[in-house]
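J.: What follows is a structure written as structure tokens; I'll ask about it next.
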Amino acid sequence: MKKLRQSLLRAGLVVALIASAFAVKIGDPAPGFTAVDSNGRQQRLSDYKGKYVVLEWHNQGCPYTKKHYESGNMQRLQKEWTAKGVAWLTVISSAPGMQGFVTPSQENEYLKTMNAAPTAAIIDPGGSLGHLYAAKTTPHMFIIDPSGTLIYNGAIDDHSTSDQSDIKNSKNYVSTALQEATSGKPVTEAATRPYGCSVKYKD
Amino acid sequence: MNRVVKLALFFLAATSISRGAVQGSPHARVELLARQDAAKPGADLLLGVHFILEPGWHIYWINPGDSGQPPTFKWQLPPGFTVGEIQWPRPERMQPNKQLADYGYHDEVLLPVTLHVLPGFNNRTLAEVRVDAKWLICREVCIAEHAQLELSLPVAATAKENLQSVPLFAKTEKLLPKPMPRVWKATAKSTKDGFVLALVTGKPMSKAEFFPLDPGQIDNPAPQKVQPSATGLHIILKKSDLLLKPITVLRGVLVIPAGPAYRIDAPVQESIE
């Protein structure tokens with residue numbers, strides 16, 4: 001475990017160095033990464049070339065994340081889109097000791113309890129993947145198209161509250177963007193202000 | 001009933017609606033205050049929601065920055081009464097890490113609103129005002145809190161200032177952004193990665209900070225570079241990654257440290273490079 005942690009931190013450093021050279025801009029290639037998921041498997045962005053990829057920043061203690069999980073909204077999206085061949089990567093960038101930090105087994109327990117269905121949950125306690133994408137909030141959503149281009153960066157929907165009752169009246173930006181992109185249309189709202197709790201980075 | 005109605009009449013502790021991890025007492029005391037001691041039919045009355053925050057906790061400005069959410073008020077007023085928008089005192093910048101910056105308030109803040117009393121409101125002796133206040137309060141973690149606040153004011157032909165609440169309203173007035181002096185000029189130039197906000201004030205200035213009113217225009221955590229010019233200053237702002245289209249105006253509040261704060265509306269010119 002310690003060794004894994006050290007190599008993760010080293011990998012994190014490399015990623016962070018590359019990060020300063022890139023901005024995460026719509027229409028640009030999404031920055032590549034290699035990270036480790038809650039089952040100890042490596043997750044490389046390049047493994048998903050040819051597929052749409054959704055990145056979902058997550059913190060299970062955050063009231064905004066809870067809005068979308070306790071209502072089942074996020075799980076519904078995960079199931080709907082992974083069934084259509086989209087890769088859905090949940091990313092947890094909470095640092096040890098901070099809200100939302102989980103060990104791999106705690107995350108697996110959470111996924112089971114919540115009936116969540118991402119393709120994988122990446123544990124990013126060093127925050128390198130979060131900083132690479134400049135992820136600001138939980139949730140904060142990104143969509144990468146099959147060619148590896150970033151096509152969406154922003155909020156999950158247009159109601160920046162923590163009230164579950166707002167979901168039914170919300171426009172879901174992620175679903176809309178995926179629907180547009182998968183039917184060959186340009187994404188009409190490709191960048192929105194993400195809302196939620198700040199990502200609990202270590203620095 | 002005592003005619004001298006104490007103004008901070010109703011005082012309800014906020015209740016946390018957050019479930020799970022964070023328990024315990026709420027992190028803010030909140031009260032509804034009035035600057036005047038009576039509601040005078042046909043006149044304006046200044047109300048304010050006063051937040052006293054637990055040390056280390058903060059709430060948010062109208063543009064909260066990269067995370068968070070500003071407080072919201074839902075008013076219940078006597079028929080025909082109207083309230084204006086929240087008047088937001090100048091915010092502080094809060095930067096929990098290198099990735100994000102938020103705008104908000106620590107310790108204590110009063111958020112004033114103007115209440116207009118119906119001209120013919122003479123048929124009751126008391127004007128009862130209720131507000132449903134919701135706010136997000138954060139330290140490292142965030143909690144959604146809410147409270148129902150009430151205030152009853154006697155209806156009277158004259159209204160005097162309430163001596164208890166006036167100092168707080170007066171202090172808050174100084175923190176509200178003023179309109180920019182007429183002789184000043186604010187313009188902005190759009191560059192590839194940023195905006196250069198140019199202020200002509202008449203004399204070189206070396207310190208100022210810009211707080212954007214519209215989210216998604218500037219990169220909040222990026223340091224703002226201030227360059228004095230012969231007649232004012234330039235502030236170099238980084239563009240947000242979320243800004244995909246040109247903007248026509250950069251709206252915000254310019255805060256001069258230990259000085260006043262001004263509302264800025266700078267028309268944006270695309271640079272022709």
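Simple scheme: letters A, B, ... for chains in structure tokens order, numbers from 1 for residues in each chain, numbers from 1 for ligands in the order shown.
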Please give the complete set of residues from range 33-242 of chain B that DSSP, run on the backbone, assigns to alpha helix (DSSP H), formatted as a compact mmCIF listing (two decimals) with C-alpha atoms, in the first residue's frame.

T.:
```
# COMPACT_ATOMS: atom_id res chain seq x y z
CA VAL B 166 -28.07 52.59 13.31
CA PRO B 167 -24.35 52.02 14.05
CA LEU B 168 -24.43 48.69 12.22
CA PHE B 169 -26.34 50.13 9.24
CA ALA B 170 -23.96 53.11 9.12
CA LYS B 171 -20.89 50.85 9.22
CA THR B 172 -22.37 48.69 6.46
CA GLU B 173 -23.14 51.71 4.30
CA LYS B 174 -19.40 52.44 4.17
CA LEU B 175 -18.77 48.92 2.88
```

J.: List every residue of chain B that has an atom at most 6 Å from any atom of chain A, and for each one report the closest atom pair and its distance in Å to one decimal, counting only C-alpha atoms, with rows sorted by chain and then by increasing residue number, as a tab-separated table.

T.:
```
residue	atom	partner	partner_atom	distance
B:Ser67	CA	A:Ser198	CA	5.3
B:Gly68	CA	A:Gly196	CA	5.9
B:Asn97	CA	A:Asp203	CA	5.0
B:Gly216	CA	A:Arg193	CA	6.0
B:Asp241	CA	A:Lys25	CA	5.6
B:Leu242	CA	A:Ala191	CA	5.1
```

J.: Could you tell me which of A:Val36, A:Met74, A:Ala120, A:Leu45 comes closest to Ile167 in chain A if we count only C-alpha atoms?

T.: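 Ranked by minimum distance to Ile167 in chain A, first place goes to A:Met74.
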
J.: Which polymer residues have any atom within 9 Å of an atom of Pro78 in chain B, counting only C-alpha atoms, with same-chain residues fewer than 3 positions away left out, as a list of chain:residue names?

T.: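 The filter keeps B:Phe81, B:Thr82, B:Val117, B:Leu118, B:Ala127, B:Glu128, B:Val129.
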
J.: Would you return as an MDAnalysis selection string the members of range 34-115 of chain A that DSSP assigns to strand (DSSP E or B) on this structure's backbone?

T.: chainID A and resid 34:37 42:44 53:57 87:92

J.: Which residues are near Ala116 in chain A? Cut-off 8 Å, only C-alpha atoms, ignore same chain within fewer than 3 positions. Put them as a count of residues only.

T.: 6

J.: Using only C-alpha atoms, which of the listed residues (B:Val83, B:Ile218, B:Ile236, B:Leu32) sits closest to Ala147 in chain B?

T.: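 Among the listed residues, B:Leu32 lies closest to Ala147 in chain B.
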
J.: Can you work out which one of B:Lys238, B:Pro212, B:Thr125, B:Pro64 has the shortest atom-to-atom distance to Ala266 in chain B, counting only C-alpha atoms?

T.: B:Pro212

J.: What is the distance, in Å and to one decimal place, between CA of Trp75 in chain B and CA of Glu92 in chain B?

T.: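 Computing it gives 26.8 Å between the two atoms.
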
J.: Of the candidates A:Pro96, A:Gly184, A:Pro104, A:Gly148, which shows the shortest atom-to-atom distance to Ile122 in chain A, using only C-alpha atoms?

T.: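 Among A:Pro96, A:Gly184, A:Pro104, A:Gly148, it is A:Pro104 that comes nearest to Ile122 in chain A.
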
J.: Give me the residues within 9 Å of range 220-224 of chain B as a ChimeraX atom specification, counting only C-alpha atoms and dropping any in the same chain fewer than 6 places off.

T.: /B:65-66,95,97-102,209-212,235-240

J.: Would you mind telling me which residue in A:Ile151, A:Val53, A:Leu129, A:Ile123 lies nearest to Trp81 in chain A when using only C-alpha atoms?

T.: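 Among the listed residues, the smallest separation from Trp81 in chain A belongs to A:Val53.
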
J.: With only C-alpha atoms as the counted atoms, please give the residues lying no more than 6 Å from Asp37 in chain B, apart from itself and same-chain residues fewer than 5 positions off, as a list in words.

T.: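 The neighbour list is Ala159, Lys160, Glu161 and Asn162 of chain B.
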
J.: Would you save the residues from that selection as an mmCIF file, in the first residue's frame, using N, CA and C atoms?

T.:
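Output below, filename part-v1.cif:
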```cif
data_model
loop_
_atom_site.group_PDB
_atom_site.id
_atom_site.type_symbol
_atom_site.label_atom_id
_atom_site.label_comp_id
_atom_site.auth_asym_id
_atom_site.auth_seq_id
_atom_site.Cartn_x
_atom_site.Cartn_y
_atom_site.Cartn_z
ATOM 1 N N ALA B 159 -41.111 58.268 11.281
ATOM 2 C CA ALA B 159 -40.206 57.176 11.637
ATOM 3 C C ALA B 159 -38.857 57.775 12.012
ATOM 4 N N LYS B 160 -38.372 57.409 13.165
ATOM 5 C CA LYS B 160 -37.050 57.877 13.596
ATOM 6 C C LYS B 160 -36.035 56.742 13.423
ATOM 7 N N GLU B 161 -34.774 57.119 13.441
ATOM 8 C CA GLU B 161 -33.747 56.083 13.355
ATOM 9 C C GLU B 161 -33.719 55.311 14.670
ATOM 10 N N ASN B 162 -33.501 54.023 14.534
ATOM 11 C CA ASN B 162 -33.408 53.186 15.721
ATOM 12 C C ASN B 162 -31.978 53.235 16.239
#
```
